[in-house]
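Novice: Structure file upload.cif, mmCIF, C-alpha atoms, is pasted below:
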data_run
#
loop_
_atom_site.label_atom_id
_atom_site.label_comp_id
_atom_site.auth_asym_id
_atom_site.auth_seq_id
_atom_site.Cartn_x
_atom_site.Cartn_y
_atom_site.Cartn_z
CA MET P 1 -62.48 185.18 172.37
CA LEU P 2 -65.26 182.68 173.10
CA PHE P 3 -64.56 182.96 176.83
CA ILE P 4 -64.94 186.74 176.65
CA LYS P 5 -68.24 186.38 174.79
CA LYS P 6 -69.62 183.96 177.38
CA TRP P 7 -68.50 186.26 180.18
CA TYR P 8 -70.30 189.17 178.49
CA TYR P 9 -73.46 187.10 177.97
CA ARG P 10 -73.64 186.15 181.65
CA ILE P 11 -73.13 189.74 182.83
CA TYR P 12 -75.83 190.92 180.42
CA GLN P 13 -78.25 188.29 181.74
CA LYS P 14 -77.58 189.13 185.38
CA VAL P 15 -78.07 192.84 184.79
CA LEU P 16 -81.33 192.15 182.93
CA LYS P 17 -82.56 189.90 185.75
CA ILE P 18 -81.93 192.67 188.28
CA ALA P 19 -83.59 195.28 186.08
CA MET P 20 -86.67 193.07 185.71
CA CYS P 21 -87.22 193.21 189.47
CA PHE P 22 -88.32 196.81 188.99
CA MET P 23 -90.84 196.11 186.20
CA ASP P 24 -94.59 195.58 186.41
CA TRP P 25 -95.33 191.83 186.55
CA LYS P 26 -98.99 192.02 187.42
CA GLU P 27 -100.80 189.07 185.85
CA PRO P 28 -103.88 189.52 183.65
CA GLN P 29 -107.33 189.68 185.19
CA LEU P 30 -108.94 186.32 184.35
CA LEU P 31 -112.36 185.17 183.27
CA GLU P 32 -112.32 181.39 183.70
CA GLY P 33 -114.49 178.35 183.08
CA GLU P 34 -116.82 176.96 180.45
CA GLY P 35 -118.73 179.79 178.78
CA ALA P 36 -116.44 182.49 180.20
CA VAL P 37 -116.08 184.15 176.78
CA LEU P 38 -119.75 185.15 176.92
CA LYS P 39 -118.98 187.29 179.97
CA LEU P 40 -116.30 189.26 178.14
CA PRO P 41 -118.66 191.88 176.61
CA ILE P 42 -119.89 192.72 180.12
CA LEU P 43 -116.31 193.43 181.20
CA ILE P 44 -115.65 195.47 178.07
CA LYS P 45 -118.76 197.55 178.61
CA GLU P 46 -117.79 198.15 182.25
CA LYS P 47 -114.55 199.68 180.98
CA GLY P 48 -116.54 202.22 178.94
CA ILE P 49 -115.47 200.74 175.60
CA ASN P 50 -117.98 200.89 172.74
CA ARG P 51 -115.90 200.03 169.64
CA VAL P 52 -113.46 197.11 169.45
CA LEU P 53 -111.28 195.47 166.85
CA VAL P 54 -111.41 191.66 166.91
CA VAL P 55 -108.18 190.11 165.62
CA THR P 56 -108.46 186.48 164.52
CA ASP P 57 -107.87 184.23 161.51
CA LYS P 58 -110.01 182.97 158.66
CA GLY P 59 -109.98 179.40 159.96
CA LEU P 60 -111.74 180.35 163.19
CA MET P 61 -114.15 182.57 161.30
CA SER P 62 -115.01 179.73 158.91
CA ILE P 63 -116.09 177.42 161.75
CA HIS P 64 -118.10 180.24 163.36
CA LEU P 65 -116.31 179.91 166.69
CA LEU P 66 -116.64 183.64 167.30
CA ASP P 67 -120.39 183.87 166.58
CA PRO P 68 -121.51 183.60 170.24
CA LEU P 69 -119.08 186.38 171.19
CA PHE P 70 -120.32 188.55 168.34
CA GLU P 71 -123.91 188.07 169.47
CA GLN P 72 -123.06 189.13 173.00
CA LEU P 73 -121.09 192.15 171.79
CA LYS P 74 -124.18 193.26 169.84
CA ALA P 75 -126.45 192.57 172.81
CA HIS P 76 -124.35 194.91 174.95
CA GLY P 77 -124.22 197.66 172.35
CA ILE P 78 -120.57 197.19 171.47
CA GLU P 79 -119.67 197.79 167.83
CA TYR P 80 -117.01 195.44 166.53
CA PHE P 81 -114.79 195.22 163.46
CA VAL P 82 -112.99 192.06 162.42
CA TYR P 83 -109.48 191.67 161.10
CA ASP P 84 -109.14 188.02 160.07
CA GLY P 85 -106.10 188.25 157.82
CA VAL P 86 -103.65 186.84 160.36
CA GLN P 87 -101.31 184.22 158.89
CA PRO P 88 -99.94 181.23 160.87
CA ASN P 89 -96.70 183.17 161.36
CA PRO P 90 -97.90 186.81 161.40
CA THR P 91 -95.95 189.13 159.13
CA ILE P 92 -95.17 192.83 159.20
CA PRO P 93 -97.84 193.50 156.50
CA ASN P 94 -100.40 191.65 158.68
CA ILE P 95 -99.56 193.96 161.54
CA GLU P 96 -99.78 197.12 159.45
CA HIS P 97 -103.17 196.11 157.98
CA CYS P 98 -104.46 195.33 161.45
CA ARG P 99 -103.26 198.67 162.80
CA ASP P 100 -104.88 200.52 159.90
CA MET P 101 -108.24 198.83 160.55
CA TYR P 102 -108.06 199.81 164.23
CA LEU P 103 -107.38 203.46 163.41
CA ASP P 104 -109.75 203.73 160.42
CA ASN P 105 -112.67 202.55 162.57
CA ASN P 106 -111.82 204.65 165.66
CA CYS P 107 -111.61 201.56 167.84
CA GLU P 108 -111.11 201.86 171.58
CA GLY P 109 -109.85 198.38 172.43
CA ILE P 110 -108.65 195.08 170.95
CA ILE P 111 -109.84 191.50 171.37
CA ALA P 112 -107.21 188.96 170.28
CA PHE P 113 -109.05 185.70 169.60
CA GLY P 114 -107.21 182.54 168.63
CA GLY P 115 -103.80 180.95 169.04
CA GLY P 116 -100.44 182.62 169.31
CA SER P 117 -100.53 184.12 165.82
CA PRO P 118 -103.62 186.36 166.27
CA MET P 119 -102.32 187.42 169.68
CA ASP P 120 -98.86 188.25 168.37
CA CYS P 121 -100.38 190.20 165.49
CA ALA P 122 -102.74 192.09 167.81
CA LYS P 123 -99.98 192.93 170.29
CA ALA P 124 -97.67 194.27 167.62
CA ALA P 125 -100.51 196.20 165.95
CA ALA P 126 -101.45 197.74 169.29
CA ALA P 127 -97.82 198.74 169.78
CA ARG P 128 -97.86 200.42 166.36
CA VAL P 129 -101.03 202.29 167.34
CA VAL P 130 -99.34 203.88 170.35
CA LYS P 131 -95.95 204.27 168.63
CA PRO P 132 -96.93 205.50 165.15
CA LYS P 133 -93.43 206.72 164.27
CA LYS P 134 -91.67 203.49 165.20
CA SER P 135 -91.64 200.64 162.68
CA VAL P 136 -92.08 196.99 163.62
CA ARG P 137 -88.44 196.35 162.75
CA LYS P 138 -87.30 199.05 165.18
CA MET P 139 -89.41 197.50 167.96
CA ARG P 140 -87.58 194.18 167.83
CA GLY P 141 -85.71 193.26 170.96
CA TYR P 142 -86.28 194.30 174.55
CA LEU P 143 -88.07 197.35 175.94
CA LYS P 144 -88.52 199.13 172.61
CA VAL P 145 -92.23 200.00 173.01
CA ASN P 146 -92.48 201.36 176.56
CA LYS P 147 -95.95 202.84 176.21
CA LYS P 148 -99.35 201.72 177.50
CA LEU P 149 -101.37 199.81 174.90
CA PRO P 150 -105.09 200.31 174.20
CA PRO P 151 -107.31 198.07 176.37
CA PHE P 152 -106.35 194.53 175.35
CA PHE P 153 -108.43 191.38 175.88
CA ALA P 154 -106.86 187.98 175.06
CA VAL P 155 -108.98 184.92 174.27
CA PRO P 156 -106.84 181.81 173.63
CA THR P 157 -108.32 178.97 171.59
CA THR P 158 -105.28 176.73 171.97
CA ALA P 159 -103.52 175.58 175.13
CA GLY P 160 -99.92 176.20 174.23
CA THR P 161 -98.51 179.61 173.47
CA GLY P 162 -99.46 181.30 176.74
CA SER P 163 -99.61 184.54 174.75
CA GLU P 164 -102.50 185.71 176.91
CA THR P 165 -99.99 186.34 179.71
CA THR P 166 -96.66 186.98 177.97
CA VAL P 167 -94.76 190.17 177.23
CA ALA P 168 -93.69 189.06 173.75
CA ALA P 169 -94.96 189.15 170.19
CA VAL P 170 -93.16 187.12 167.51
CA VAL P 171 -93.14 188.65 164.04
CA THR P 172 -92.00 187.29 160.66
CA ASP P 173 -90.21 189.59 158.26
CA PRO P 174 -91.28 188.44 154.76
CA GLU P 175 -88.27 190.11 153.16
CA THR P 176 -85.61 188.30 155.19
CA HIS P 177 -87.70 185.29 156.37
CA GLU P 178 -86.59 185.97 159.93
CA LYS P 179 -88.77 185.56 163.01
CA ASN P 180 -88.02 188.13 165.66
CA ALA P 181 -89.55 188.89 169.02
CA ILE P 182 -90.75 192.20 170.38
CA SER P 183 -90.52 191.99 174.18
CA ASP P 184 -91.84 194.61 176.54
CA PRO P 185 -93.93 194.38 179.75
CA CYS P 186 -96.46 196.78 178.22
CA LEU P 187 -97.39 194.04 175.71
CA ARG P 188 -98.75 191.82 178.47
CA PRO P 189 -102.57 191.67 178.15
CA LYS P 190 -104.49 193.17 181.06
CA TYR P 191 -107.40 190.74 180.63
CA ALA P 192 -107.55 187.10 179.55
CA VAL P 193 -110.35 184.58 179.04
CA LEU P 194 -109.66 180.89 179.77
CA ASP P 195 -112.71 179.14 178.34
CA PRO P 196 -112.15 175.39 177.75
CA ALA P 197 -115.20 175.19 175.49
CA LEU P 198 -113.25 177.16 172.87
CA THR P 199 -110.63 174.39 172.69
CA ILE P 200 -113.02 171.44 172.37
CA GLY P 201 -112.86 171.48 168.58
CA LEU P 202 -109.07 171.49 168.34
CA PRO P 203 -107.81 168.67 166.09
CA PRO P 204 -105.60 166.11 167.86
CA HIS P 205 -102.39 167.18 166.10
CA ILE P 206 -102.87 170.81 167.15
CA THR P 207 -103.79 169.73 170.67
CA SER P 208 -100.55 167.74 170.92
CA THR P 209 -98.13 170.25 169.40
CA THR P 210 -99.53 173.27 171.22
CA GLY P 211 -99.49 171.28 174.44
CA MET P 212 -95.84 170.36 173.98
CA ASP P 213 -95.18 174.02 173.17
CA ALA P 214 -96.45 174.82 176.67
CA MET P 215 -94.25 172.07 178.11
CA THR P 216 -91.26 173.64 176.35
CA HIS P 217 -92.11 177.01 177.90
CA ALA P 218 -92.26 175.47 181.36
CA VAL P 219 -89.05 173.45 180.99
CA GLU P 220 -86.94 176.19 179.39
CA ALA P 221 -88.04 178.72 181.99
CA TYR P 222 -87.34 176.23 184.80
CA ILE P 223 -83.81 175.27 183.76
CA GLY P 224 -82.70 178.82 182.95
CA LYS P 225 -80.74 181.18 185.19
CA SER P 226 -83.34 183.94 185.62
CA ASN P 227 -85.89 182.15 187.78
CA VAL P 228 -87.63 183.71 190.76
CA LYS P 229 -89.99 182.01 193.23
CA SER P 230 -93.11 182.71 191.16
CA THR P 231 -91.66 181.41 187.88
CA ILE P 232 -90.39 178.25 189.59
CA ARG P 233 -93.85 177.58 191.02
CA HIS P 234 -95.61 178.30 187.73
CA ALA P 235 -93.22 176.08 185.73
CA GLU P 236 -93.61 173.16 188.13
CA ASP P 237 -97.40 173.45 188.16
CA ALA P 238 -97.49 173.68 184.36
CA ALA P 239 -95.27 170.63 183.84
CA LYS P 240 -97.42 168.51 186.17
CA LEU P 241 -100.70 169.63 184.58
CA ILE P 242 -99.42 169.02 181.04
CA HIS P 243 -98.06 165.59 181.86
CA ASP P 244 -101.32 164.57 183.53
CA ASN P 245 -103.75 166.06 180.99
CA LEU P 246 -102.29 166.51 177.52
CA GLU P 247 -102.67 162.93 176.34
CA LYS P 248 -106.18 162.84 177.79
CA ALA P 249 -107.12 165.90 175.73
CA TYR P 250 -105.39 164.41 172.68
CA ASN P 251 -107.24 161.09 172.94
CA ASN P 252 -110.60 162.62 173.89
CA GLY P 253 -110.99 166.15 172.61
CA LYS P 254 -114.28 166.58 174.48
CA ASP P 255 -112.76 165.94 177.91
CA MET P 256 -113.67 169.34 179.40
CA GLU P 257 -111.64 168.84 182.57
CA ALA P 258 -108.50 167.99 180.61
CA ARG P 259 -109.08 170.96 178.32
CA GLU P 260 -109.52 173.29 181.29
CA ASN P 261 -106.39 171.97 182.95
CA MET P 262 -104.40 172.44 179.75
CA LEU P 263 -105.51 176.08 179.50
CA LYS P 264 -104.35 176.62 183.08
CA ALA P 265 -101.06 174.88 182.29
CA SER P 266 -100.50 177.04 179.24
CA PHE P 267 -101.19 180.16 181.31
CA TYR P 268 -98.81 179.06 184.07
CA ALA P 269 -96.08 178.18 181.58
CA GLY P 270 -96.56 181.53 179.85
CA SER P 271 -96.29 183.34 183.18
CA ALA P 272 -93.08 181.43 183.89
CA PHE P 273 -91.23 182.11 180.66
CA THR P 274 -92.39 185.67 180.20
CA ARG P 275 -90.17 186.58 183.16
CA ALA P 276 -87.64 183.71 183.26
CA PHE P 277 -87.22 183.55 179.45
CA VAL P 278 -86.85 180.54 177.16
CA GLY P 279 -83.71 179.12 175.55
CA TYR P 280 -82.11 177.50 172.53
CA VAL P 281 -85.13 175.31 171.76
CA HIS P 282 -87.08 178.46 170.94
CA ALA P 283 -84.15 180.14 169.23
CA ILE P 284 -83.87 177.26 166.77
CA ALA P 285 -87.64 176.72 166.46
CA HIS P 286 -88.32 180.36 165.64
CA ASN P 287 -85.84 180.22 162.79
CA LEU P 288 -87.22 176.95 161.43
CA GLY P 289 -90.52 178.81 161.33
CA GLY P 290 -88.96 181.75 159.53
CA LEU P 291 -87.18 179.65 156.91
CA TYR P 292 -89.68 176.82 156.39
CA ASN P 293 -92.91 178.05 157.97
CA THR P 294 -92.70 175.18 160.49
CA PRO P 295 -95.53 175.41 163.05
CA HIS P 296 -93.98 176.70 166.25
CA GLY P 297 -95.43 174.10 168.61
CA LEU P 298 -94.34 171.25 166.36
CA ALA P 299 -90.81 172.63 166.12
CA ASN P 300 -90.52 172.98 169.90
CA ALA P 301 -91.92 169.51 170.52
CA VAL P 302 -89.37 167.85 168.23
CA ILE P 303 -86.35 169.92 169.28
CA LEU P 304 -86.83 169.96 173.08
CA PRO P 305 -85.41 166.48 173.92
CA TYR P 306 -82.33 167.04 171.74
CA VAL P 307 -81.41 170.36 173.33
CA LEU P 308 -81.96 168.93 176.82
CA ASP P 309 -79.64 166.05 175.92
CA TRP P 310 -77.00 168.56 174.80
CA TYR P 311 -77.22 170.56 178.03
CA GLY P 312 -76.15 167.41 179.85
CA SER P 313 -75.12 167.65 183.50
CA SER P 314 -75.91 171.38 183.67
CA VAL P 315 -79.64 170.52 183.84
CA TYR P 316 -79.65 167.18 185.66
CA LYS P 317 -80.63 168.58 189.06
CA LYS P 318 -83.57 170.64 187.76
CA LEU P 319 -84.83 167.98 185.37
CA ALA P 320 -84.61 165.46 188.20
CA LYS P 321 -86.90 167.69 190.25
CA LEU P 322 -89.39 167.88 187.38
CA ALA P 323 -89.23 164.10 187.00
CA ASP P 324 -90.15 163.78 190.69
CA ILE P 325 -93.00 166.28 190.31
CA ILE P 326 -94.61 164.50 187.36
CA GLY P 327 -94.24 161.17 189.13
CA ILE P 328 -92.01 159.07 186.86
CA THR P 329 -89.06 158.35 189.17
CA LYS P 330 -88.19 155.27 191.18
CA GLU P 331 -86.55 154.92 194.56
CA GLY P 332 -82.76 154.88 194.39
CA MET P 333 -82.42 156.85 191.14
CA ASN P 334 -79.79 159.60 191.12
CA ASN P 335 -80.24 163.01 189.50
CA GLU P 336 -78.72 161.97 186.18
CA GLU P 337 -81.00 158.95 185.95
CA LYS P 338 -84.04 161.02 186.86
CA ALA P 339 -83.14 163.72 184.32
CA LYS P 340 -82.70 161.16 181.56
CA ALA P 341 -86.01 159.58 182.55
CA PHE P 342 -87.66 162.98 182.15
CA ILE P 343 -86.20 163.42 178.66
CA ALA P 344 -87.28 159.89 177.77
CA GLU P 345 -90.79 160.70 178.99
CA LEU P 346 -90.94 163.71 176.67
CA LYS P 347 -89.97 161.44 173.78
CA ARG P 348 -92.61 158.90 174.83
CA MET P 349 -95.29 161.60 174.94
CA ASN P 350 -94.31 162.81 171.47
CA LYS P 351 -94.46 159.30 170.05
CA ALA P 352 -97.80 158.57 171.74
CA MET P 353 -99.26 161.66 170.05
CA ASN P 354 -97.75 160.98 166.60
CA ILE P 355 -95.24 163.83 166.76
CA PRO P 356 -92.23 162.97 164.56
CA GLU P 357 -88.80 162.31 166.06
CA LYS P 358 -86.95 164.27 163.38
CA PHE P 359 -87.41 166.69 160.46
CA ASP P 360 -86.65 165.87 156.81
CA PHE P 361 -87.01 169.35 155.28
CA ILE P 362 -83.94 171.20 156.58
CA LYS P 363 -81.71 172.07 153.63
CA GLU P 364 -77.95 171.71 153.88
CA GLU P 365 -77.38 175.08 152.24
CA ASP P 366 -79.51 176.76 154.92
CA MET P 367 -77.45 175.44 157.83
CA PRO P 368 -75.10 178.46 158.18
CA THR P 369 -78.07 180.86 158.14
CA LEU P 370 -80.06 178.77 160.60
CA VAL P 371 -77.15 178.52 163.03
CA LYS P 372 -76.27 182.20 162.79
CA ARG P 373 -79.85 183.36 163.33
CA ALA P 374 -80.53 180.94 166.17
CA LEU P 375 -77.46 182.08 168.10
CA LYS P 376 -78.21 185.72 167.34
CA GLU P 377 -81.60 185.24 169.01
CA GLY P 378 -80.31 183.12 171.87
CA ASN P 379 -77.24 185.13 172.83
CA PRO P 380 -76.99 187.11 175.00
CA GLY P 381 -80.68 187.44 175.86
CA TYR P 382 -81.63 183.90 176.90
CA PRO P 383 -80.19 182.88 180.31
CA VAL P 384 -79.55 179.30 179.23
CA PRO P 385 -77.88 176.76 181.52
CA ARG P 386 -75.04 176.24 179.05
CA ILE P 387 -73.94 178.51 176.20
CA MET P 388 -73.66 177.16 172.65
CA ASP P 389 -71.17 178.12 169.97
CA GLU P 390 -71.73 177.70 166.23
CA LYS P 391 -70.28 174.18 165.99
CA GLU P 392 -72.38 172.98 168.92
CA CYS P 393 -75.53 174.57 167.52
CA GLU P 394 -74.98 172.88 164.16
CA LYS P 395 -74.40 169.55 165.90
CA VAL P 396 -77.68 169.84 167.80
CA ILE P 397 -79.60 170.73 164.62
CA ARG P 398 -78.08 167.79 162.75
CA SER P 399 -79.18 165.48 165.58
CA PHE P 400 -82.84 166.00 164.66
CA MET P 401 -82.35 165.99 160.86
CA GLU P 402 -83.26 162.93 158.82
#
Kindly present the structure from the file in structure tokens form.
Specialist:
Amino acid sequence: MLFIKKWYYRIYQKVLKIAMCFMDWKEPQLLEGEGAVLKLPILIKEKGINRVLVVTDKGLMSIHLLDPLFEQLKAHGIEYFVYDGVQPNPTIPNIEHCRDMYLDNNCEGIIAFGGGSPMDCAKAAAARVVKPKKSVRKMRGYLKVNKKLPPFFAVPTTAGTGSETTVAAVVTDPETHEKNAISDPCLRPKYAVLDPALTIGLPPHITSTTGMDAMTHAVEAYIGKSNVKSTIRHAEDAAKLIHDNLEKAYNNGKDMEARENMLKASFYAGSAFTRAFVGYVHAIAHNLGGLYNTPHGLANAVILPYVLDWYGSSVYKKLAKLADIIGITKEGMNNEEKAKAFIAELKRMNKAMNIPEKFDFIKEEDMPTLVKRALKEGNPGYPVPRIMDEKECEKVIRSFME
């Protein structure tokens, strides 16, 4: 029975990979560099848009990070309305409130400003605007929206999620405590702003966990079975940039060059996984978030080395290549040694940035639910290098439990 399931999963993944060759993979138009966010209103005005909804969170509003953007929107005659009710893991009610504000104020476009949560909320709300008869729950999965969104402008303030270039929005259902993804090429933003000045104020712990989130995107895309030339290139570039710059940004938050390189890395990693997909690290992390509200970047950072260990020889060749690219290998090492050196380097980076090795909050009684939901997300959609069953998934989860 398990053999038949695995056979079905691989056929599903191959068919999906072929189908994706016929989809629109045009990357967002970028505004880049320090102060780039101040140029955004000019672009918006050029598109003939006069009323926008800004989707963000109360934390960013409280530190007045958006004030310069607001001033420029006013200066260019653009009326704006702010939805700042986004929670760290955006919920269906968040999305419905956001959609209502967009419609009630006759908005013509959306600015998603913040980390992955405001972007996910804004994407899902925009999907609800164009698909008013389709609930968020019915949009879960692949290709369930299939309609052009309102003009969408993404402004990341963290270097991790890559949401400014992905086709996915992750939503939490408060009734079931599940996190599910809506995936559709139409959700990919058409415009993105990579302004390192917006990330200067990130606390070290958010810098580290969001950065390792981006590393997880790059690695999971790279080792999966749905790569194409562009995703391979993006994943390799992202891994190198993250390895060379993340600890610099963590240790000196005002290092503008490191911040800029991390934004590029996050964008590259997002571009890689939005077509090549992620894997079991994300499947487990999403469900830790749903059950315990675990920050997504933190969950990925902790889980990544353990899942890579479990994949074993199926990923040695690709991890060895990444180890070469980031410059940690020695002459005479074979692929297995290089791969294990790469995993060890991930652990070293986590430790250097005070990311814990394990979690102490996972409840024994939640294990069956966690395993079931993780595998439901991972199979058959994620083209992982090696397919897990329930016993193997539980074993991996127990490996990072205290």
Novice: I need the output of the PyMOL selection byres ((chain P and resi 59-74) around 10) for this file as a count of residues only; which residues are they?
Specialist: 35
Novice: Translate the PyMOL selection byres ((chain P and resi 143) around 8), as applied to the file shown, into an explicit residue set as a list in words.
Specialist: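 In the shown coordinates, the PyMOL selection byres ((chain P and resi 143) around 8) covers Gly141, Tyr142, Lys144, Val145, Asn146, Ser183, Asp184 and Pro185 of chain P.
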Novice: Return the single residue from P:Lys330, P:Arg275, P:Lys190, P:Arg398 that is closest to Met23 in chain P, with distances computed using all atoms listed in the file.
Specialist: P:Arg275
Novice: Can you give me, as a PyMOL selection string, the residues this file yields under the PyMOL selection byres ((chain P and resi 224) around 9)?
Specialist: chain P and resi 219-223+225-227+276-279+315+382-386
Novice: What does the distance from CA of Ile284 in chain P to CA of Thr172 in chain P come to in Å, to one decimal?
Specialist: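 Taking CA of Ile284 in chain P and CA of Thr172 in chain P, their separation equals 14.3 Å.
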Novice: Would you mind telling me which residue in P:Ile325, P:Met333, P:Met20, P:Cys186 lies nearest to Ile242 in chain P when using all atoms listed in the file?
Specialist: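 The shortest atom-to-atom distance to Ile242 in chain P comes from P:Ile325.
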Novice: Neighbouring residues of Val193 in chain P were defined as those with any atom within 9 Å, considering only C-alpha atoms; residues of the same chain fewer than 5 positions away were excluded. Please report them as JSON, numbers by chain.
Specialist: {"P": [29, 30, 31, 32, 33, 36, 37, 40, 153, 154, 155, 156, 164]}
Novice: What's the separation between CA of Leu187 in chain P and CA of Lys123 in chain P, in Å to one decimal place?
Specialist: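 Calculated distance between CA of Leu187 in chain P and CA of Lys123 in chain P is 6.1 Å.
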